[in-house]
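These notes are about the structure you will find just below.
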Amino acid sequence: MDLRRWLLGALVVLFAVGCDQLGVALVAPAPGSPTRAELEQLLAAVRVVPDRPHPGGYDRGCKPGQGCVFGPAWTDDNDAPGGHDGCDTRNNVLAVQLTEVSFRPGTRDCVVVGGLLNDPYTGKQIRFDKADANDVQIDHVYSLAAAWDLGAAHWPLERRVRFANDVEVNLLATEGRTNQAKGDKTPAEWLPPARANHCFFAGKYLAAAARYDLPLTAADSTALQGVARTCP
């Protein structure tokens, strides 16, 4: 009987250590996260390519002489959800994600000047104040540079502008420093600091890929499959 107890205890320890080493320690997913079945359905629907090519030509800037390959930043002149509503895309994202939102008077509830962000990457609550606007930035979940490399370089400009301003699937407000750390990384290279938010992030990334027929690299697919296994 003592031997049985010892073996059972050893198995429990080994299982726990193994889960931790694999990065799948049990953490309750953030509210609103997709289920494992939902993520696996999305994974099955998205193409996989061996790796990320680098065709060159990506130039986000829109000053004279620059490529402006995704159109002017946060332009309202797009056919994505929220486009042509009189507000720029950044303010649209803030208005959707923040709570306790306050608007600049006289802007017809367009320019967000304050609110509270439940950060989808860090899990922290962040007070947004337009005076310190850079503290909260808008992230392209499937980054523009990665999209360019993995297919968007061949899209017409109108489709690229839509992708860059799609409030529904590809934009999230987050802490500025976290957004800078993410950069144009893909899931094999970067996941949100808060593990509880991994399932949510995976759902957003895959939804953007599926809507715009953008592929995953083999490494990204493996990373997101690993995330899916931690979701309920």
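Starting from 1 in every chain, residues are counted up; chains themselves are A, B, ... following the order of the structure tokens, and ligands are numbered from 1 as listed.
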
Which residues are close to Pro31 of chain A, i.e. within 10 Å by only C-alpha atoms, leaving aside same-chain residues fewer than 2 positions away? Reply as an mmCIF file with N, CA, C and O atoms, in the first residue's frame.
```cif
data_model
loop_
_atom_site.group_PDB
_atom_site.id
_atom_site.type_symbol
_atom_site.label_atom_id
_atom_site.label_comp_id
_atom_site.auth_asym_id
_atom_site.auth_seq_id
_atom_site.Cartn_x
_atom_site.Cartn_y
_atom_site.Cartn_z
ATOM 1 N N ALA A 28 -7.247 29.176 -15.552
ATOM 2 C CA ALA A 28 -8.593 29.445 -16.038
ATOM 3 C C ALA A 28 -8.552 30.515 -17.122
ATOM 4 O O ALA A 28 -8.021 31.603 -16.896
ATOM 5 N N PRO A 29 -9.098 30.229 -18.314
ATOM 6 C CA PRO A 29 -9.092 31.233 -19.387
ATOM 7 C C PRO A 29 -9.919 32.458 -19.010
ATOM 8 O O PRO A 29 -10.885 32.367 -18.248
ATOM 9 N N SER A 33 -13.328 33.790 -23.608
ATOM 10 C CA SER A 33 -12.378 33.033 -24.420
ATOM 11 C C SER A 33 -13.095 31.914 -25.174
ATOM 12 O O SER A 33 -14.066 31.339 -24.681
ATOM 13 N N PRO A 34 -12.620 31.579 -26.378
ATOM 14 C CA PRO A 34 -13.220 30.467 -27.116
ATOM 15 C C PRO A 34 -12.868 29.132 -26.477
ATOM 16 O O PRO A 34 -11.901 29.021 -25.722
ATOM 17 N N ALA A 196 -3.785 33.470 -18.904
ATOM 18 C CA ALA A 196 -5.236 33.331 -18.943
ATOM 19 C C ALA A 196 -5.830 33.925 -20.213
ATOM 20 O O ALA A 196 -6.966 33.601 -20.584
ATOM 21 N N ASN A 197 -5.075 34.776 -20.900
ATOM 22 C CA ASN A 197 -5.572 35.439 -22.101
ATOM 23 C C ASN A 197 -5.106 34.763 -23.390
ATOM 24 O O ASN A 197 -5.396 35.251 -24.478
ATOM 25 N N CYS A 199 -6.069 31.871 -24.774
ATOM 26 C CA CYS A 199 -7.163 31.321 -25.584
ATOM 27 C C CYS A 199 -7.868 32.433 -26.349
ATOM 28 O O CYS A 199 -8.199 32.283 -27.535
ATOM 29 N N PHE A 200 -8.090 33.561 -25.675
ATOM 30 C CA PHE A 200 -8.727 34.708 -26.326
ATOM 31 C C PHE A 200 -7.876 35.192 -27.492
ATOM 32 O O PHE A 200 -8.381 35.422 -28.601
#
```

When you look at Val48 of chain A with a cut-off of 6 Å (counting only C-alpha atoms), what residues show up, excluding the ones that are within fewer than 4 positions of it in the same chain? I need them as a PyMOL selection string. chain A and resi 215-218

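When only C-alpha atoms are used to measure the gap to Val136 of chain A, the shortest distance among A:Ala219, A:Ala80, A:Val112, A:Ala202 belongs to A:Val112.
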
Which distance in Å separates atom CA of Arg211 of chain A and atom CA of Thr89 of chain A, to one decimal? 18.7 Å

Residues within 12 Å of Phe201 of chain A, please, as a count of residues only. Count only C-alpha atoms; anything in the same chain fewer than 5 positions from it doesn't count. 37

Return as a ChimeraX atom specification the full set of residues in segment 137-187 of chain A whose backbone-based DSSP assignment is strand (DSSP E). /A:137-140,171-175

Could the residues in this selection be written to a file with N, CA, C and O atoms, as a PDB file, in the first residue's frame?
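Saved to result-v7.pdb:
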```
ATOM      1  N   GLN A 137      -2.261  51.654 -26.742  1.00  0.00           N
ATOM      2  CA  GLN A 137      -2.092  51.626 -28.196  1.00  0.00           C
ATOM      3  C   GLN A 137      -3.027  50.591 -28.810  1.00  0.00           C
ATOM      4  O   GLN A 137      -3.586  49.747 -28.106  1.00  0.00           O
ATOM      5  N   ILE A 138      -3.195  50.676 -30.125  1.00  0.00           N
ATOM      6  CA  ILE A 138      -4.053  49.734 -30.834  1.00  0.00           C
ATOM      7  C   ILE A 138      -3.170  48.736 -31.570  1.00  0.00           C
ATOM      8  O   ILE A 138      -2.316  49.121 -32.376  1.00  0.00           O
ATOM      9  N   ASP A 139      -3.362  47.470 -31.270  1.00  0.00           N
ATOM     10  CA  ASP A 139      -2.560  46.413 -31.882  1.00  0.00           C
ATOM     11  C   ASP A 139      -3.308  45.744 -33.025  1.00  0.00           C
ATOM     12  O   ASP A 139      -4.508  45.487 -32.936  1.00  0.00           O
ATOM     13  N   HIS A 140      -2.593  45.473 -34.108  1.00  0.00           N
ATOM     14  CA  HIS A 140      -3.090  44.568 -35.140  1.00  0.00           C
ATOM     15  C   HIS A 140      -2.728  43.155 -34.678  1.00  0.00           C
ATOM     16  O   HIS A 140      -1.540  42.796 -34.646  1.00  0.00           O
ATOM     17  N   LEU A 171      -8.230  44.135 -34.405  1.00  0.00           N
ATOM     18  CA  LEU A 171      -7.717  45.274 -33.649  1.00  0.00           C
ATOM     19  C   LEU A 171      -8.073  45.144 -32.171  1.00  0.00           C
ATOM     20  O   LEU A 171      -9.212  44.844 -31.823  1.00  0.00           O
ATOM     21  N   LEU A 172      -7.082  45.400 -31.322  1.00  0.00           N
ATOM     22  CA  LEU A 172      -7.295  45.379 -29.874  1.00  0.00           C
ATOM     23  C   LEU A 172      -6.508  46.504 -29.222  1.00  0.00           C
ATOM     24  O   LEU A 172      -5.331  46.711 -29.540  1.00  0.00           O
ATOM     25  N   ALA A 173      -7.145  47.220 -28.311  1.00  0.00           N
ATOM     26  CA  ALA A 173      -6.435  48.191 -27.487  1.00  0.00           C
ATOM     27  C   ALA A 173      -5.673  47.435 -26.397  1.00  0.00           C
ATOM     28  O   ALA A 173      -6.198  46.490 -25.797  1.00  0.00           O
ATOM     29  N   THR A 174      -4.439  47.845 -26.150  1.00  0.00           N
ATOM     30  CA  THR A 174      -3.626  47.180 -25.136  1.00  0.00           C
ATOM     31  C   THR A 174      -2.597  48.166 -24.594  1.00  0.00           C
ATOM     32  O   THR A 174      -2.416  49.266 -25.120  1.00  0.00           O
ATOM     33  N   GLU A 175      -1.939  47.761 -23.541  1.00  0.00           N
ATOM     34  CA  GLU A 175      -0.884  48.579 -22.943  1.00  0.00           C
ATOM     35  C   GLU A 175       0.196  48.876 -23.982  1.00  0.00           C
ATOM     36  O   GLU A 175       0.642  47.992 -24.716  1.00  0.00           O
TER      37      GLU A 175
END
```

In Å, rounded to a single decimal, give me how far atom CA of Asn91 of chain A is from atom CA of Val167 of chain A. 10.4 Å

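Nearest residue to Ala145 of chain A among A:Pro55, A:Pro64, A:Gly203, A:Pro50 is A:Pro55, counting only C-alpha atoms.
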
Looking only at the backbone, which of the residues in segment 109-186 of chain A does DSSP tag as alpha helix (DSSP H), as a ChimeraX atom specification? /A:144-149,157-164,176-182

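The nearest approach to Asp166 of chain A among the residues A:Glu40, A:Asp59, A:Asp88, A:Asp132, with only C-alpha atoms taken into account, belongs to A:Asp88.
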
Surrounding residues of Val69 of chain A excluding itself and chain neighbours under 3 positions, 8 Å, only C-alpha atoms, as an MDAnalysis selection string: chainID A and resid 58:61 157 160

Would you write out those residues with N, CA and C atoms, as a compact mmCIF listing (two decimals), in the first residue's frame?
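again_38.txt written:
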```
# COMPACT_ATOMS: atom_id res chain seq x y z
N TYR A 58 7.51 46.08 -47.94
CA TYR A 58 6.60 46.57 -46.90
C TYR A 58 7.02 47.97 -46.46
N ASP A 59 6.10 48.92 -46.58
CA ASP A 59 6.36 50.30 -46.18
C ASP A 59 5.06 50.89 -45.67
N ARG A 60 4.93 50.93 -44.34
CA ARG A 60 3.69 51.40 -43.70
C ARG A 60 3.53 52.91 -43.80
N GLY A 61 4.62 53.65 -43.84
CA GLY A 61 4.57 55.10 -43.81
C GLY A 61 3.81 55.69 -44.99
N LEU A 157 -5.06 47.36 -52.92
CA LEU A 157 -4.93 48.30 -51.80
C LEU A 157 -6.20 48.35 -50.96
N ARG A 160 -6.23 45.68 -48.38
CA ARG A 160 -5.24 45.93 -47.33
C ARG A 160 -5.73 47.00 -46.36
```

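Across the model, the gap from atom CA of Asn92 of chain A to atom CA of Glu168 of chain A is 10.4 Å.
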